[in-house]
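A.B. asks: Provided herewith: query-v2.cif, mmCIF, C-alpha atoms.
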data_model
#
loop_
_atom_site.label_atom_id
_atom_site.label_comp_id
_atom_site.auth_asym_id
_atom_site.auth_seq_id
_atom_site.Cartn_x
_atom_site.Cartn_y
_atom_site.Cartn_z
CA MET Q 364 7.55 -8.08 13.66
CA THR Q 365 4.17 -9.74 13.26
CA GLN Q 366 4.60 -13.12 11.60
CA PHE Q 367 2.75 -14.17 8.47
CA PRO Q 368 0.22 -16.75 9.61
CA SER Q 369 0.88 -20.25 8.36
CA ARG Q 370 -0.93 -23.50 8.98
CA VAL Q 371 0.71 -25.64 6.32
CA PRO Q 372 4.33 -26.40 5.44
CA GLU Q 373 5.76 -23.55 3.41
CA THR Q 374 6.34 -24.19 -0.29
CA ALA Q 375 8.06 -21.96 -2.85
CA ARG Q 376 4.63 -20.59 -3.72
CA THR Q 377 3.64 -19.75 -0.16
CA ALA Q 378 7.10 -18.30 0.45
CA ARG Q 379 6.68 -15.84 -2.43
CA THR Q 380 3.30 -14.75 -1.15
CA ARG Q 381 4.61 -14.45 2.40
CA ARG Q 382 7.41 -12.17 1.16
CA ALA Q 383 4.87 -9.97 -0.63
CA VAL Q 384 2.77 -9.55 2.50
CA LEU Q 385 5.82 -9.05 4.70
CA GLY Q 386 6.95 -6.34 2.29
CA LEU Q 387 3.73 -4.48 3.00
CA MET Q 388 4.01 -5.24 6.70
CA ALA Q 389 7.40 -3.52 6.75
CA LEU Q 390 5.49 -0.27 6.49
CA PHE Q 391 3.84 -0.95 9.79
CA SER Q 392 7.14 -1.36 11.54
CA GLY Q 393 8.72 1.68 10.39
CA PRO Q 394 -7.03 0.89 -14.03
CA VAL Q 395 -5.25 -1.41 -16.00
CA ALA Q 396 -6.82 -4.46 -17.58
CA LEU Q 397 -6.60 -7.55 -15.41
CA SER Q 398 -4.23 -9.94 -17.13
CA SER Q 399 -3.43 -12.16 -14.14
CA PRO Q 400 -5.58 -14.68 -12.24
CA ALA Q 401 -4.33 -13.15 -8.99
CA LEU Q 402 -7.47 -11.08 -8.32
CA ILE Q 403 -10.39 -12.78 -6.61
CA ALA Q 404 -13.22 -10.26 -6.35
CA PRO Q 405 -16.96 -10.99 -6.45
CA ALA Q 406 -18.60 -9.70 -9.63
CA PHE Q 407 -21.29 -8.01 -7.57
CA ALA Q 408 -18.79 -5.88 -5.62
CA GLN Q 409 -19.94 -2.62 -7.18
CA SER Q 410 -19.64 -0.25 -4.21
CA ALA Q 411 -17.86 2.97 -5.14
CA ALA Q 412 -15.58 2.44 -2.14
CA VAL Q 413 -14.54 -0.98 -3.49
CA THR Q 414 -13.66 0.23 -7.00
CA PRO Q 415 -10.22 1.71 -6.12
CA ILE Q 416 -9.25 -1.53 -4.37
CA ASN Q 417 -10.30 -3.57 -7.40
CA ASP Q 418 -8.11 -1.32 -9.54
CA LEU Q 419 -5.16 -1.58 -7.15
CA TYR Q 420 -5.31 -5.35 -6.87
CA ALA Q 421 -5.70 -5.76 -10.63
CA ALA Q 422 -2.52 -3.73 -11.12
CA LEU Q 423 -0.69 -5.72 -8.44
CA GLY Q 424 -1.72 -8.89 -10.26
CA GLN Q 425 -0.31 -7.45 -13.48
CA ILE Q 426 3.07 -6.46 -12.03
CA GLN Q 427 3.43 -10.00 -10.66
CA SER Q 428 3.13 -11.51 -14.14
CA SER Q 429 6.27 -13.03 -15.62
CA GLY Q 430 6.19 -10.60 -18.55
CA SER Q 431 5.83 -7.43 -16.50
CA GLY Q 432 9.37 -6.29 -17.27
CA THR Q 433 11.96 -4.37 -15.28
CA SER Q 434 11.35 -2.64 -11.97
CA GLU Q 435 11.00 0.64 -13.86
CA ALA Q 436 8.43 -0.86 -16.26
CA ARG Q 437 6.46 -2.32 -13.37
CA ALA Q 438 6.55 1.04 -11.60
CA GLN Q 439 4.99 2.63 -14.68
CA ILE Q 440 2.15 0.10 -14.51
CA ILE Q 441 1.33 0.70 -10.85
CA ALA Q 442 1.99 4.47 -10.66
CA PRO Q 443 -1.22 5.76 -12.31
CA VAL Q 444 -3.33 3.35 -10.26
CA ILE Q 445 -1.74 4.59 -7.03
CA ASP Q 446 -2.41 8.16 -8.12
CA ARG Q 447 -6.10 7.36 -8.64
CA SER Q 448 -6.64 5.03 -5.69
CA PHE Q 449 -4.74 6.82 -2.90
CA ASP Q 450 -5.11 10.25 -1.38
CA LEU Q 451 -1.35 10.49 -0.91
CA SER Q 452 -1.49 14.08 0.33
CA THR Q 453 -3.84 13.16 3.19
CA ILE Q 454 -1.81 10.05 4.06
CA LEU Q 455 1.41 12.05 4.15
CA HIS Q 456 -0.18 14.85 6.20
CA ASN Q 457 -1.52 12.39 8.76
CA SER Q 458 1.76 10.46 8.82
CA VAL Q 459 3.79 13.59 9.57
CA GLY Q 460 1.29 15.07 12.01
CA MET Q 461 0.61 18.67 12.96
CA ARG Q 462 4.06 19.82 11.87
CA TYR Q 463 2.97 19.29 8.25
CA THR Q 464 0.79 22.42 8.34
CA THR Q 465 3.83 24.57 9.22
CA LEU Q 466 5.61 23.62 5.99
CA SER Q 467 5.54 25.93 2.99
CA ALA Q 468 3.66 24.93 -0.15
CA ASP Q 469 6.97 24.23 -1.88
CA GLU Q 470 8.16 22.04 0.99
CA GLN Q 471 4.90 20.09 1.00
CA SER Q 472 5.12 19.59 -2.75
CA LYS Q 473 8.73 18.38 -2.52
CA LEU Q 474 7.85 15.98 0.27
CA LEU Q 475 4.77 14.67 -1.52
CA ALA Q 476 6.77 13.92 -4.68
CA ALA Q 477 9.26 11.85 -2.66
CA PHE Q 478 6.45 10.08 -0.78
CA ARG Q 479 4.73 9.19 -4.06
CA GLN Q 480 7.89 7.57 -5.45
CA PHE Q 481 8.39 5.74 -2.15
CA THR Q 482 4.84 4.35 -2.28
CA ILE Q 483 5.23 3.18 -5.88
CA ALA Q 484 8.58 1.54 -5.20
CA ARG Q 485 7.28 -0.22 -2.11
CA TYR Q 486 4.61 -2.01 -4.14
CA VAL Q 487 7.09 -2.89 -6.90
CA SER Q 488 9.35 -4.46 -4.28
CA SER Q 489 6.61 -6.22 -2.33
CA PHE Q 490 4.86 -7.81 -5.32
CA LYS Q 491 7.72 -9.16 -7.35
CA LYS Q 492 7.64 -10.48 -10.90
CA GLY Q 493 6.66 -14.15 -10.83
CA GLY Q 494 4.70 -13.84 -7.59
CA ASP Q 495 1.27 -15.37 -7.17
CA ALA Q 496 -0.36 -13.57 -4.27
CA LYS Q 497 -4.15 -13.86 -4.31
CA PHE Q 498 -6.36 -10.91 -3.40
CA THR Q 499 -9.86 -11.35 -2.01
CA ILE Q 500 -12.16 -8.33 -1.61
CA SER Q 501 -15.29 -8.41 0.51
CA PRO Q 502 -18.30 -7.04 -1.38
CA THR Q 503 -19.67 -5.56 1.83
CA THR Q 504 -18.20 -2.32 3.18
CA ARG Q 505 -18.66 -0.98 6.69
CA PRO Q 506 -18.49 2.48 8.25
CA ALA Q 507 -15.33 3.41 10.14
CA PRO Q 508 -15.83 4.35 13.81
CA THR Q 509 -14.99 8.01 13.19
CA GLY Q 510 -14.46 10.55 10.44
CA GLY Q 511 -17.20 9.61 7.97
CA SER Q 512 -14.95 7.09 6.24
CA THR Q 513 -15.70 3.60 4.93
CA ILE Q 514 -13.70 0.41 5.44
CA VAL Q 515 -13.17 -2.18 2.71
CA ASN Q 516 -12.11 -5.60 4.00
CA THR Q 517 -9.66 -7.69 1.96
CA THR Q 518 -7.20 -10.52 2.41
CA ILE Q 519 -3.93 -11.33 0.71
CA GLY Q 520 -2.75 -14.92 0.61
CA ASP Q 521 -1.64 -17.78 -1.60
CA GLY Q 522 -5.03 -19.37 -2.22
CA SER Q 523 -4.73 -21.76 0.75
CA ASP Q 524 -6.10 -21.13 4.23
CA SER Q 525 -3.10 -18.91 4.99
CA SER Q 526 -3.94 -15.23 4.45
CA THR Q 527 -3.54 -11.82 6.05
CA ALA Q 528 -6.28 -9.23 6.50
CA ILE Q 529 -5.42 -5.96 4.76
CA ASN Q 530 -8.26 -3.46 5.15
CA TYR Q 531 -8.55 -0.01 3.59
CA VAL Q 532 -9.97 3.18 5.04
CA MET Q 533 -11.72 5.04 2.22
CA MET Q 534 -12.81 8.68 2.13
CA PRO Q 535 -15.14 10.32 -0.41
CA SER Q 536 -13.17 12.23 -3.03
CA GLY Q 537 -14.21 13.72 -6.36
CA GLY Q 538 -17.40 11.72 -6.64
CA GLY Q 539 -15.71 8.46 -5.67
CA TYR Q 540 -13.46 7.19 -2.89
CA ARG Q 541 -9.73 7.16 -2.24
CA ILE Q 542 -7.56 5.29 0.27
CA VAL Q 543 -6.46 7.31 3.31
CA ASP Q 544 -5.09 4.49 5.48
CA ILE Q 545 -4.31 0.77 5.40
CA LEU Q 546 -5.04 -1.52 8.35
CA LEU Q 547 -2.80 -4.57 8.75
CA ASN Q 548 -4.53 -7.55 10.37
CA GLY Q 549 -7.66 -5.43 10.33
CA HIS Q 550 -6.54 -2.86 12.90
CA ILE Q 551 -2.85 -1.80 12.74
CA SER Q 552 -2.77 1.61 11.03
CA GLN Q 553 -0.09 2.33 8.43
CA VAL Q 554 -0.43 6.06 9.12
CA ALA Q 555 0.03 5.64 12.86
CA ALA Q 556 2.92 3.20 12.46
CA GLN Q 557 4.98 5.44 10.18
CA ARG Q 558 4.22 8.67 12.06
CA ALA Q 559 7.08 8.21 14.54
CA ASP Q 560 9.61 7.64 11.74
CA PHE Q 561 8.41 10.53 9.59
CA SER Q 562 7.77 13.11 12.30
CA SER Q 563 11.03 12.43 14.16
CA THR Q 564 13.08 12.67 10.96
CA LEU Q 565 11.37 15.93 10.05
CA ALA Q 566 11.97 17.32 13.54
CA ARG Q 567 15.68 16.41 13.44
CA GLY Q 568 16.58 17.56 9.96
CA GLY Q 569 13.62 19.27 8.34
CA VAL Q 570 12.10 18.51 4.96
CA ASP Q 571 15.43 17.71 3.32
CA ALA Q 572 16.13 14.98 5.87
CA LEU Q 573 12.75 13.33 5.35
CA VAL Q 574 13.07 13.56 1.56
CA THR Q 575 16.52 11.95 1.81
CA LEU Q 576 15.10 9.15 3.96
CA LEU Q 577 12.25 8.49 1.53
CA ASN Q 578 14.57 8.59 -1.48
CA HIS Q 579 16.92 6.13 0.21
CA LYS Q 580 14.04 3.74 0.87
CA THR Q 581 12.80 4.17 -2.71
CA ALA Q 582 16.21 3.29 -4.20
CA LYS Q 583 16.46 0.24 -1.95
CA PHE Q 584 12.99 -0.98 -2.96
CA MET Q 585 13.66 -0.50 -6.68
CA ASN Q 586 16.92 -2.45 -6.49
CA ASN Q 587 15.61 -5.20 -4.24
#
As structure tokens - that is how I would like this structure written.

C.D. replies:
Amino acid sequence: MTQFPSRVPETARTARTRRAVLGLMALFSGPVALSSPALIAPAFAQSAAVTPINDLYAALGQIQSSGSGTSEARAQIIAPVIDRSFDLSTILHNSVGMRYTTLSADEQSKLLAAFRQFTIARYVSSFKKGGDAKFTISPTTRPAPTGGSTIVNTTIGDGSDSSTAINYVMMPSGGGYRIVDILLNGHISQVAAQRADFSSTLARGGVDALVTLLNHKTAKFMNN
């Protein structure tokens, strides 16, 4: 697994932030009011493609606060932001691959519901109550090489010189933009990394097997 970069001795603070980033990195190996100082975003970052990332990071800052409550309460905070910021249907489709189009509408709906809960739980687990990860968003977007999408560059760290690049591939949707992929260290695709796991599970046991896998991961994240 890629190691969280570190140039200084690890403290309790940096350890918490490292765990948060590693929680997100695990994916690649297999708007609420801002009430936390965790978000660092330039005031002039007004691009429509940046807005969903501002919302996401504000919510992640909130679920890290000491008063954010139980895992279930924190999930309720992040869930509506994930629904607005992510195009979960496109992410799931691309993660499964061509086999996704052969599924019935009911099967796709069942799978999407499980994938949504998995995504919510992953963030609840990665950004734990009492954490202090800092999020920095670049005000300048850039076009992706293909597909008419836009890339938003960000970093997650602890406020020192130790941080990890987490970039977002954004596609136009409903007059704004939504996330369709996440790039670890600026280039490792979440969609590509989880495709082997998702598509092989679906091929072996069908939709029920993949739903079971996602539900198992969700339960583990929520109890972690």

A.B. asks: Output the residue selection produced by the PyMOL selection byres ((chain Q and resi 427-442) around 9) on the file above, formatted as JSON, numbers by chain.

C.D. replies: {"Q": [394, 395, 398, 399, 401, 419, 422, 423, 424, 425, 426, 443, 444, 445, 446, 447, 479, 480, 482, 483, 484, 486, 487, 488, 490, 491, 492, 493, 494, 495, 496, 585, 586]}

A.B. asks: Would you be able to write out as a PyMOL selection string which residues have an atom within 6 Å of (-10.3, 8.2, -8.1) in the file's coordinates, counting only C-alpha atoms?

C.D. replies: chain Q and resi 447-448+539+541

A.B. asks: I need the residue set behind the PyMOL selection byres ((chain Q and resi 501) around 7) for this file; please write it as a list of chain:residue names.

C.D. replies: Q:Thr499, Q:Ile500, Q:Pro502, Q:Thr503, Q:Val515, Q:Asn516, Q:Thr517

A.B. asks: For Tyr463 of chain Q, which residue out of Q:Arg505, Q:Lys497, Q:Arg485, Q:Arg558 is the nearest one, using only C-alpha atoms?

C.D. replies: Q:Arg558

A.B. asks: Step by step, work through what the PyMOL selection byres ((chain Q and resi 522-538) around 9) selects in the shown file, and finish by giving those residues as a ChimeraX atom specification.

C.D. replies: /Q:367-371,377,381,384,411-413,416,449-450,495-498,507,510-521,539-550

A.B. asks: Expressed in Å to a single decimal, how great is the separation between atom CA of Asn587 of chain Q and atom CA of Phe481 of chain Q?

C.D. replies: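 Separation between atom CA of Asn587 of chain Q and atom CA of Phe481 of chain Q: 13.3 Å.
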
A.B. asks: List the spatial neighbours of Arg462 of chain Q as an MDAnalysis selection string - criterion: any atom at most 9 Å away, only C-alpha atoms, same-chain residues fewer than 2 positions off excluded.

C.D. replies: chainID Q and resid 456 459:460 464:466 562 565:566

A.B. asks: So the first atom is atom CA of Gly569 of chain Q and the second is atom CA of Asn457 of chain Q; what is the distance between them in Å, to one decimal place?

C.D. replies: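 According to the coordinates, atom CA of Gly569 of chain Q and atom CA of Asn457 of chain Q are separated by 16.6 Å.
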
A.B. asks: Could you add N, CA and C atoms to segment 504-540 of chain Q and give me the result as a PDB file, keeping the file's coordinate frame?

C.D. replies:
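The resulting file, rebuild-v4.pdb, is shown below:
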ATOM      1  N   THR Q 504     -18.988  -3.314   2.452  1.00  0.00           N
ATOM      2  CA  THR Q 504     -18.200  -2.320   3.180  1.00  0.00           C
ATOM      3  C   THR Q 504     -18.848  -2.047   4.534  1.00  0.00           C
ATOM      4  N   ARG Q 505     -18.104  -1.351   5.385  1.00  0.00           N
ATOM      5  CA  ARG Q 505     -18.660  -0.980   6.690  1.00  0.00           C
ATOM      6  C   ARG Q 505     -18.153   0.401   7.071  1.00  0.00           C
ATOM      7  N   PRO Q 506     -18.939   1.146   7.854  1.00  0.00           N
ATOM      8  CA  PRO Q 506     -18.490   2.480   8.250  1.00  0.00           C
ATOM      9  C   PRO Q 506     -17.360   2.394   9.261  1.00  0.00           C
ATOM     10  N   ALA Q 507     -16.393   3.303   9.137  1.00  0.00           N
ATOM     11  CA  ALA Q 507     -15.330   3.410  10.140  1.00  0.00           C
ATOM     12  C   ALA Q 507     -15.909   4.056  11.396  1.00  0.00           C
ATOM     13  N   PRO Q 508     -15.296   3.804  12.563  1.00  0.00           N
ATOM     14  CA  PRO Q 508     -15.830   4.350  13.810  1.00  0.00           C
ATOM     15  C   PRO Q 508     -15.932   5.874  13.825  1.00  0.00           C
ATOM     16  N   THR Q 509     -14.991   6.546  13.164  1.00  0.00           N
ATOM     17  CA  THR Q 509     -14.990   8.010  13.190  1.00  0.00           C
ATOM     18  C   THR Q 509     -14.639   8.562  11.811  1.00  0.00           C
ATOM     19  N   GLY Q 510     -14.962   9.822  11.604  1.00  0.00           N
ATOM     20  CA  GLY Q 510     -14.460  10.550  10.440  1.00  0.00           C
ATOM     21  C   GLY Q 510     -15.260  10.429   9.169  1.00  0.00           C
ATOM     22  N   GLY Q 511     -16.405   9.724   9.178  1.00  0.00           N
ATOM     23  CA  GLY Q 511     -17.200   9.610   7.970  1.00  0.00           C
ATOM     24  C   GLY Q 511     -16.590   8.761   6.887  1.00  0.00           C
ATOM     25  N   SER Q 512     -15.617   7.933   7.228  1.00  0.00           N
ATOM     26  CA  SER Q 512     -14.950   7.090   6.240  1.00  0.00           C
ATOM     27  C   SER Q 512     -15.588   5.703   6.185  1.00  0.00           C
ATOM     28  N   THR Q 513     -15.181   4.945   5.178  1.00  0.00           N
ATOM     29  CA  THR Q 513     -15.700   3.600   4.930  1.00  0.00           C
ATOM     30  C   THR Q 513     -14.539   2.624   4.898  1.00  0.00           C
ATOM     31  N   ILE Q 514     -14.748   1.431   5.432  1.00  0.00           N
ATOM     32  CA  ILE Q 514     -13.700   0.410   5.440  1.00  0.00           C
ATOM     33  C   ILE Q 514     -14.048  -0.700   4.467  1.00  0.00           C
ATOM     34  N   VAL Q 515     -13.060  -1.043   3.624  1.00  0.00           N
ATOM     35  CA  VAL Q 515     -13.170  -2.180   2.710  1.00  0.00           C
ATOM     36  C   VAL Q 515     -12.278  -3.289   3.244  1.00  0.00           C
ATOM     37  N   ASN Q 516     -12.855  -4.458   3.469  1.00  0.00           N
ATOM     38  CA  ASN Q 516     -12.110  -5.600   4.000  1.00  0.00           C
ATOM     39  C   ASN Q 516     -11.560  -6.447   2.859  1.00  0.00           C
ATOM     40  N   THR Q 517     -10.272  -6.809   2.955  1.00  0.00           N
ATOM     41  CA  THR Q 517      -9.660  -7.690   1.960  1.00  0.00           C
ATOM     42  C   THR Q 517      -8.710  -8.653   2.671  1.00  0.00           C
ATOM     43  N   THR Q 518      -8.283  -9.658   1.939  1.00  0.00           N
ATOM     44  CA  THR Q 518      -7.200 -10.520   2.410  1.00  0.00           C
ATOM     45  C   THR Q 518      -6.214 -10.737   1.283  1.00  0.00           C
ATOM     46  N   ILE Q 519      -4.972 -10.966   1.655  1.00  0.00           N
ATOM     47  CA  ILE Q 519      -3.930 -11.330   0.710  1.00  0.00           C
ATOM     48  C   ILE Q 519      -3.339 -12.653   1.166  1.00  0.00           C
ATOM     49  N   GLY Q 520      -3.283 -13.612   0.263  1.00  0.00           N
ATOM     50  CA  GLY Q 520      -2.750 -14.920   0.610  1.00  0.00           C
ATOM     51  C   GLY Q 520      -2.292 -15.654  -0.632  1.00  0.00           C
ATOM     52  N   ASP Q 521      -2.146 -16.972  -0.492  1.00  0.00           N
ATOM     53  CA  ASP Q 521      -1.640 -17.780  -1.600  1.00  0.00           C
ATOM     54  C   ASP Q 521      -2.696 -18.724  -2.139  1.00  0.00           C
ATOM     55  N   GLY Q 522      -3.951 -18.508  -1.756  1.00  0.00           N
ATOM     56  CA  GLY Q 522      -5.030 -19.370  -2.220  1.00  0.00           C
ATOM     57  C   GLY Q 522      -5.308 -20.527  -1.272  1.00  0.00           C
ATOM     58  N   SER Q 523      -4.465 -20.727  -0.256  1.00  0.00           N
ATOM     59  CA  SER Q 523      -4.730 -21.760   0.750  1.00  0.00           C
ATOM     60  C   SER Q 523      -5.472 -21.092   1.904  1.00  0.00           C
ATOM     61  N   ASP Q 524      -5.414 -21.723   3.083  1.00  0.00           N
ATOM     62  CA  ASP Q 524      -6.100 -21.130   4.230  1.00  0.00           C
ATOM     63  C   ASP Q 524      -5.189 -20.149   4.970  1.00  0.00           C
ATOM     64  N   SER Q 525      -4.047 -19.827   4.382  1.00  0.00           N
ATOM     65  CA  SER Q 525      -3.100 -18.910   4.990  1.00  0.00           C
ATOM     66  C   SER Q 525      -3.234 -17.544   4.315  1.00  0.00           C
ATOM     67  N   SER Q 526      -3.735 -16.548   5.033  1.00  0.00           N
ATOM     68  CA  SER Q 526      -3.940 -15.230   4.450  1.00  0.00           C
ATOM     69  C   SER Q 526      -3.849 -14.179   5.550  1.00  0.00           C
ATOM     70  N   THR Q 527      -3.661 -12.941   5.132  1.00  0.00           N
ATOM     71  CA  THR Q 527      -3.540 -11.820   6.050  1.00  0.00           C
ATOM     72  C   THR Q 527      -4.596 -10.782   5.708  1.00  0.00           C
ATOM     73  N   ALA Q 528      -5.279 -10.274   6.716  1.00  0.00           N
ATOM     74  CA  ALA Q 528      -6.280  -9.230   6.500  1.00  0.00           C
ATOM     75  C   ALA Q 528      -5.570  -7.905   6.236  1.00  0.00           C
ATOM     76  N   ILE Q 529      -5.892  -7.300   5.101  1.00  0.00           N
ATOM     77  CA  ILE Q 529      -5.420  -5.960   4.760  1.00  0.00           C
ATOM     78  C   ILE Q 529      -6.658  -5.148   4.424  1.00  0.00           C
ATOM     79  N   ASN Q 530      -7.050  -4.251   5.331  1.00  0.00           N
ATOM     80  CA  ASN Q 530      -8.260  -3.460   5.150  1.00  0.00           C
ATOM     81  C   ASN Q 530      -7.900  -2.023   4.793  1.00  0.00           C
ATOM     82  N   TYR Q 531      -8.799  -1.356   4.108  1.00  0.00           N
ATOM     83  CA  TYR Q 531      -8.550  -0.010   3.590  1.00  0.00           C
ATOM     84  C   TYR Q 531      -9.583   0.967   4.117  1.00  0.00           C
ATOM     85  N   VAL Q 532      -9.085   2.104   4.603  1.00  0.00           N
ATOM     86  CA  VAL Q 532      -9.970   3.180   5.040  1.00  0.00           C
ATOM     87  C   VAL Q 532     -10.153   4.119   3.848  1.00  0.00           C
ATOM     88  N   MET Q 533     -11.402   4.286   3.427  1.00  0.00           N
ATOM     89  CA  MET Q 533     -11.720   5.040   2.220  1.00  0.00           C
ATOM     90  C   MET Q 533     -12.490   6.307   2.583  1.00  0.00           C
ATOM     91  N   MET Q 534     -12.106   7.412   1.933  1.00  0.00           N
ATOM     92  CA  MET Q 534     -12.810   8.680   2.130  1.00  0.00           C
ATOM     93  C   MET Q 534     -13.386   9.152   0.800  1.00  0.00           C
ATOM     94  N   PRO Q 535     -14.586   9.771   0.831  1.00  0.00           N
ATOM     95  CA  PRO Q 535     -15.140  10.320  -0.410  1.00  0.00           C
ATOM     96  C   PRO Q 535     -14.199  11.353  -1.008  1.00  0.00           C
ATOM     97  N   SER Q 536     -14.067  11.306  -2.342  1.00  0.00           N
ATOM     98  CA  SER Q 536     -13.170  12.230  -3.030  1.00  0.00           C
ATOM     99  C   SER Q 536     -13.559  12.319  -4.495  1.00  0.00           C
ATOM    100  N   GLY Q 537     -13.931  13.507  -4.946  1.00  0.00           N
ATOM    101  CA  GLY Q 537     -14.210  13.720  -6.360  1.00  0.00           C
ATOM    102  C   GLY Q 537     -15.296  12.842  -6.929  1.00  0.00           C
ATOM    103  N   GLY Q 538     -16.319  12.560  -6.160  1.00  0.00           N
ATOM    104  CA  GLY Q 538     -17.400  11.720  -6.640  1.00  0.00           C
ATOM    105  C   GLY Q 538     -17.173  10.236  -6.445  1.00  0.00           C
ATOM    106  N   GLY Q 539     -15.998   9.864  -5.960  1.00  0.00           N
ATOM    107  CA  GLY Q 539     -15.710   8.460  -5.670  1.00  0.00           C
ATOM    108  C   GLY Q 539     -15.090   8.338  -4.297  1.00  0.00           C
ATOM    109  N   TYR Q 540     -14.154   7.401  -4.152  1.00  0.00           N
ATOM    110  CA  TYR Q 540     -13.460   7.190  -2.890  1.00  0.00           C
ATOM    111  C   TYR Q 540     -11.969   7.015  -3.151  1.00  0.00           C
TER     112      TYR Q 540
END
